[in-house]
Structures are given as structure tokens and as C-alpha cells.
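Text of final.cif (mmCIF, C-alpha atoms) as supplied:
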data_final
#
loop_
_atom_site.group_PDB
_atom_site.id
_atom_site.type_symbol
_atom_site.label_atom_id
_atom_site.label_comp_id
_atom_site.auth_asym_id
_atom_site.auth_seq_id
_atom_site.Cartn_x
_atom_site.Cartn_y
_atom_site.Cartn_z
ATOM 1 C CA MET A 1319 81.858 -95.083 69.373
ATOM 2 C CA LYS A 1320 82.611 -91.511 70.374
ATOM 3 C CA VAL A 1321 81.380 -89.216 73.088
ATOM 4 C CA ALA A 1322 81.053 -85.454 72.936
ATOM 5 C CA VAL A 1323 81.843 -83.475 76.054
ATOM 6 C CA THR A 1324 80.866 -79.849 76.542
ATOM 7 C CA SER A 1325 84.054 -77.927 77.286
ATOM 8 C CA THR A 1326 85.342 -74.508 78.260
ATOM 9 C CA GLY A 1327 88.505 -75.032 76.201
ATOM 10 C CA LEU A 1328 90.380 -77.027 73.598
ATOM 11 C CA LYS A 1329 92.066 -79.655 75.789
ATOM 12 C CA LEU A 1330 91.099 -82.719 77.792
ATOM 13 C CA ASP A 1331 92.201 -81.021 81.015
ATOM 14 C CA ASP A 1332 89.808 -78.092 80.510
ATOM 15 C CA HIS A 1333 86.589 -77.971 82.527
ATOM 16 C CA ILE A 1334 83.183 -79.272 81.530
ATOM 17 C CA GLY A 1335 80.992 -76.635 79.925
ATOM 18 C CA THR A 1336 77.482 -76.021 81.124
ATOM 19 C CA LYS A 1337 75.066 -76.774 78.282
ATOM 20 C CA PRO A 1338 75.611 -77.941 74.684
ATOM 21 C CA ASP A 1339 74.343 -74.651 73.281
ATOM 22 C CA LYS A 1340 76.317 -72.485 75.740
ATOM 23 C CA CYS A 1341 79.741 -74.127 75.878
ATOM 24 C CA SER A 1342 82.681 -72.780 73.898
ATOM 25 C CA TYR A 1343 83.682 -76.177 72.497
ATOM 26 C CA TRP A 1344 82.591 -79.764 72.143
ATOM 27 C CA LEU A 1345 85.418 -82.238 72.531
ATOM 28 C CA VAL A 1346 84.635 -85.359 70.522
ATOM 29 C CA VAL A 1347 86.521 -88.131 72.302
ATOM 30 C CA ASP A 1348 87.175 -91.789 71.579
ATOM 31 C CA PRO A 1349 86.801 -93.090 75.146
ATOM 32 C CA VAL A 1350 89.062 -96.078 74.493
ATOM 33 C CA THR A 1351 92.087 -94.260 73.060
ATOM 34 C CA MET A 1352 91.338 -90.762 74.478
ATOM 35 C CA GLU A 1353 92.068 -89.321 71.037
ATOM 36 C CA TYR A 1354 89.924 -86.260 70.522
ATOM 37 C CA GLU A 1355 88.936 -83.442 68.238
ATOM 38 C CA ALA A 1356 87.948 -79.992 69.513
ATOM 39 C CA LEU A 1357 84.967 -78.500 67.708
ATOM 40 C CA PRO A 1358 84.216 -74.798 68.213
ATOM 41 C CA ASN A 1359 80.541 -74.395 69.046
ATOM 42 C CA PRO A 1360 79.004 -72.606 66.029
ATOM 43 C CA LEU A 1361 75.592 -72.555 67.710
ATOM 44 C CA ILE A 1362 76.455 -70.546 70.798
ATOM 45 C CA SER A 1363 73.950 -67.799 69.994
ATOM 46 C CA LEU A 1364 71.036 -70.045 68.914
ATOM 47 C CA ARG A 1365 68.156 -71.026 71.183
ATOM 48 C CA GLY A 1366 65.175 -73.349 71.023
ATOM 49 C CA PRO A 1367 64.460 -76.378 68.827
ATOM 50 C CA ALA A 1368 66.700 -75.140 66.012
ATOM 51 C CA ALA A 1369 69.738 -75.346 68.276
ATOM 52 C CA GLY A 1370 68.873 -78.907 69.338
ATOM 53 C CA LYS A 1371 68.504 -80.053 65.731
ATOM 54 C CA LEU A 1372 71.790 -78.464 64.660
ATOM 55 C CA ILE A 1373 73.677 -79.845 67.660
ATOM 56 C CA ALA A 1374 72.366 -83.332 66.872
ATOM 57 C CA GLN A 1375 73.350 -82.998 63.191
ATOM 58 C CA VAL A 1376 76.899 -81.865 63.982
ATOM 59 C CA LEU A 1377 77.406 -84.616 66.540
ATOM 60 C CA GLN A 1378 75.964 -87.295 64.244
ATOM 61 C CA GLU A 1379 78.469 -86.270 61.559
ATOM 62 C CA HIS A 1380 81.213 -87.099 64.080
ATOM 63 C CA MET A 1381 79.643 -90.470 65.032
ATOM 64 C CA VAL A 1382 78.838 -89.382 68.592
ATOM 65 C CA LYS A 1383 76.597 -91.721 70.610
ATOM 66 C CA PHE A 1384 76.662 -89.854 73.949
ATOM 67 C CA ILE A 1385 76.973 -86.214 74.969
ATOM 68 C CA LEU A 1386 78.269 -85.545 78.464
ATOM 69 C CA ALA A 1387 77.307 -82.150 79.878
ATOM 70 C CA GLY A 1388 76.618 -80.202 83.028
ATOM 71 C CA GLY A 1389 73.051 -79.551 81.904
ATOM 72 C CA CYS A 1390 70.859 -79.389 78.814
ATOM 73 C CA ARG A 1391 67.648 -77.727 77.686
ATOM 74 C CA CYS A 1392 64.685 -80.079 77.474
ATOM 75 C CA ASN A 1393 63.951 -79.481 73.773
ATOM 76 C CA GLN A 1394 67.598 -80.069 72.875
ATOM 77 C CA MET A 1395 67.598 -83.345 74.778
ATOM 78 C CA LYS A 1396 64.535 -84.454 72.818
ATOM 79 C CA GLU A 1397 66.185 -83.618 69.495
ATOM 80 C CA MET A 1398 69.374 -85.470 70.375
ATOM 81 C CA SER A 1399 67.393 -88.455 71.614
ATOM 82 C CA LYS A 1400 65.410 -88.564 68.346
ATOM 83 C CA ASN A 1401 68.764 -88.736 66.559
ATOM 84 C CA GLY A 1402 70.131 -91.603 68.643
ATOM 85 C CA ILE A 1403 72.378 -89.516 70.897
ATOM 86 C CA ARG A 1404 72.068 -90.180 74.623
ATOM 87 C CA VAL A 1405 72.508 -87.205 76.949
ATOM 88 C CA LEU A 1406 74.182 -87.672 80.341
ATOM 89 C CA LEU A 1407 73.845 -84.667 82.651
ATOM 90 C CA GLY A 1408 75.318 -83.487 85.925
ATOM 91 C CA MET A 1409 78.913 -83.869 84.777
ATOM 92 C CA THR A 1410 81.598 -81.859 86.588
ATOM 93 C CA GLY A 1411 85.383 -81.626 86.623
ATOM 94 C CA SER A 1412 87.674 -81.826 83.625
ATOM 95 C CA VAL A 1413 86.810 -83.402 80.299
ATOM 96 C CA ARG A 1414 89.414 -86.123 80.944
ATOM 97 C CA GLU A 1415 87.927 -86.971 84.380
ATOM 98 C CA THR A 1416 84.445 -87.073 82.909
ATOM 99 C CA VAL A 1417 85.425 -89.473 80.119
ATOM 100 C CA GLU A 1418 87.256 -91.665 82.628
ATOM 101 C CA LYS A 1419 84.109 -91.772 84.810
ATOM 102 C CA PHE A 1420 82.096 -92.621 81.705
ATOM 103 C CA ASN A 1421 84.476 -95.495 80.943
ATOM 104 C CA ARG A 1422 84.013 -96.911 84.452
ATOM 105 C CA SER A 1423 80.230 -96.586 84.368
ATOM 106 C CA GLN A 1424 77.427 -98.755 83.063
ATOM 107 C CA PHE A 1425 76.632 -96.120 80.435
ATOM 108 C CA SER A 1426 79.650 -96.987 78.303
ATOM 109 C CA ARG A 1427 78.261 -100.511 77.953
ATOM 110 C CA MET A 1428 74.794 -99.433 76.814
ATOM 111 C CA LEU A 1429 75.509 -99.829 73.110
#
What do you get writing this file as C-alpha cells?
Amino acid sequence: MKVAVTSTGLKLDDHIGTKPDKCSYWLVVDPVTMEYEALPNPLISLRGPAAGKLIAQVLQEHMVKFILAGGCRCNQMKEMSKNGIRVLLGMTGSVRETVEKFNRSQFSRML
């Protein structure tokens, strides 16, 4: 299982990005090993349902089950949910801190 974290940069110590369609990168992280891949956000200028569908498709291709973000548009959350991706909001701090919190939480055991 992998998680995607909205990020302002390419590294685990960079800060959480705001929303999946607004962040500069998505870091796709294996929460067990902390190995990750930085994906530039190709959808940064899209809005609406199209953005939600494309975000879900990209994340599904990388076997993501959760996206951790500061916030998310309602229609994008619906699209990700329809595609089996759970959205956890209100995240703050660095990507590394967020994944560590995820590992300690009940959410990591939901699958």
C-alpha cells in the first residue's frame, strides 16, 4: 500500500501542500519503508470534475490507497472515493511528519 502526500517540494522534509490540484508535487510514499517517488503535478491548472478524475487516475497507476492533504475540493474527493482512494484532510507539517502520524493512526489499519 502507498500513500500520496501533497507537497511543496521534492523531498520528505518539504511541507505539505494545500490541495491535490494546487500542490507542486505529490510524493507517493511507502509508509513502511519511507521509500518515495516525487511526481510533478501535471494538473495544477485544471479545475472541477476533470481534475478529480485525472488525479484519481494518476494515483491509481501508482497503487495509492490514501491521499494526505491540507484540504481538497468536494468534487475531487468524490472522484477519488469512487476510485477507492481515501482522502485524509487537515494535514500540516512536513511530508515525513505526516506519514509518521499516518503510521501511528487508525487510518493505516483501515485496509
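Evaluated against this file, the PyMOL selection byres ((chain A and resi 1354) around 10) yields Lys1320, Val1321, Ala1322, Leu1328, Lys1329, Leu1330, Trp1344, Leu1345, Val1346, Val1347, Asp1348, Pro1349, Thr1351, Met1352, Glu1353, Glu1355, Ala1356 and Leu1357 of chain A.
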Next item on the list: Kindly give the distance, in Å, that separates CA of Leu1386 in chain A and CA of Leu1406 in chain A, rounded to a single decimal.
Entry: 5.0 Å
Margin query: If the PyMOL selection byres ((chain A and resi 1382) around 7) were run on this exact file, what residues would it hold? Put them as a PyMOL selection string.
Written below: chain A and resi 1319-1322+1377-1378+1380-1381+1383-1384+1403
Next item on the list: Write out as a ChimeraX atom specification the residues lying within 12 Å of Cys1341 in chain A, counting only C-alpha atoms and excluding same-chain residues fewer than 4 positions away.
Entry: /A:1322-1328,1332-1337,1345,1356-1364,1373,1386-1390
Notebook entry, point to check: Written as a PyMOL selection string, what is the full residue list that the PyMOL selection byres ((chain A and resi 1401) around 10) yields on the file shown?
Noted result: chain A and resi 1371+1374-1375+1377-1378+1383+1395-1400+1402-1404
Same residues, C-alpha atoms, output as a short mmCIF file (atom, residue, chain, number, x, y, z; two decimals), keeping the file's coordinate frame:
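After the write, again02.cif holds the following:
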data_model
loop_
_atom_site.label_atom_id
_atom_site.label_comp_id
_atom_site.auth_asym_id
_atom_site.auth_seq_id
_atom_site.Cartn_x
_atom_site.Cartn_y
_atom_site.Cartn_z
CA LYS A 1371 68.50 -80.05 65.73
CA ALA A 1374 72.37 -83.33 66.87
CA GLN A 1375 73.35 -83.00 63.19
CA LEU A 1377 77.41 -84.62 66.54
CA GLN A 1378 75.96 -87.30 64.24
CA LYS A 1383 76.60 -91.72 70.61
CA MET A 1395 67.60 -83.34 74.78
CA LYS A 1396 64.54 -84.45 72.82
CA GLU A 1397 66.18 -83.62 69.50
CA MET A 1398 69.37 -85.47 70.38
CA SER A 1399 67.39 -88.46 71.61
CA LYS A 1400 65.41 -88.56 68.35
CA GLY A 1402 70.13 -91.60 68.64
CA ILE A 1403 72.38 -89.52 70.90
CA ARG A 1404 72.07 -90.18 74.62
#
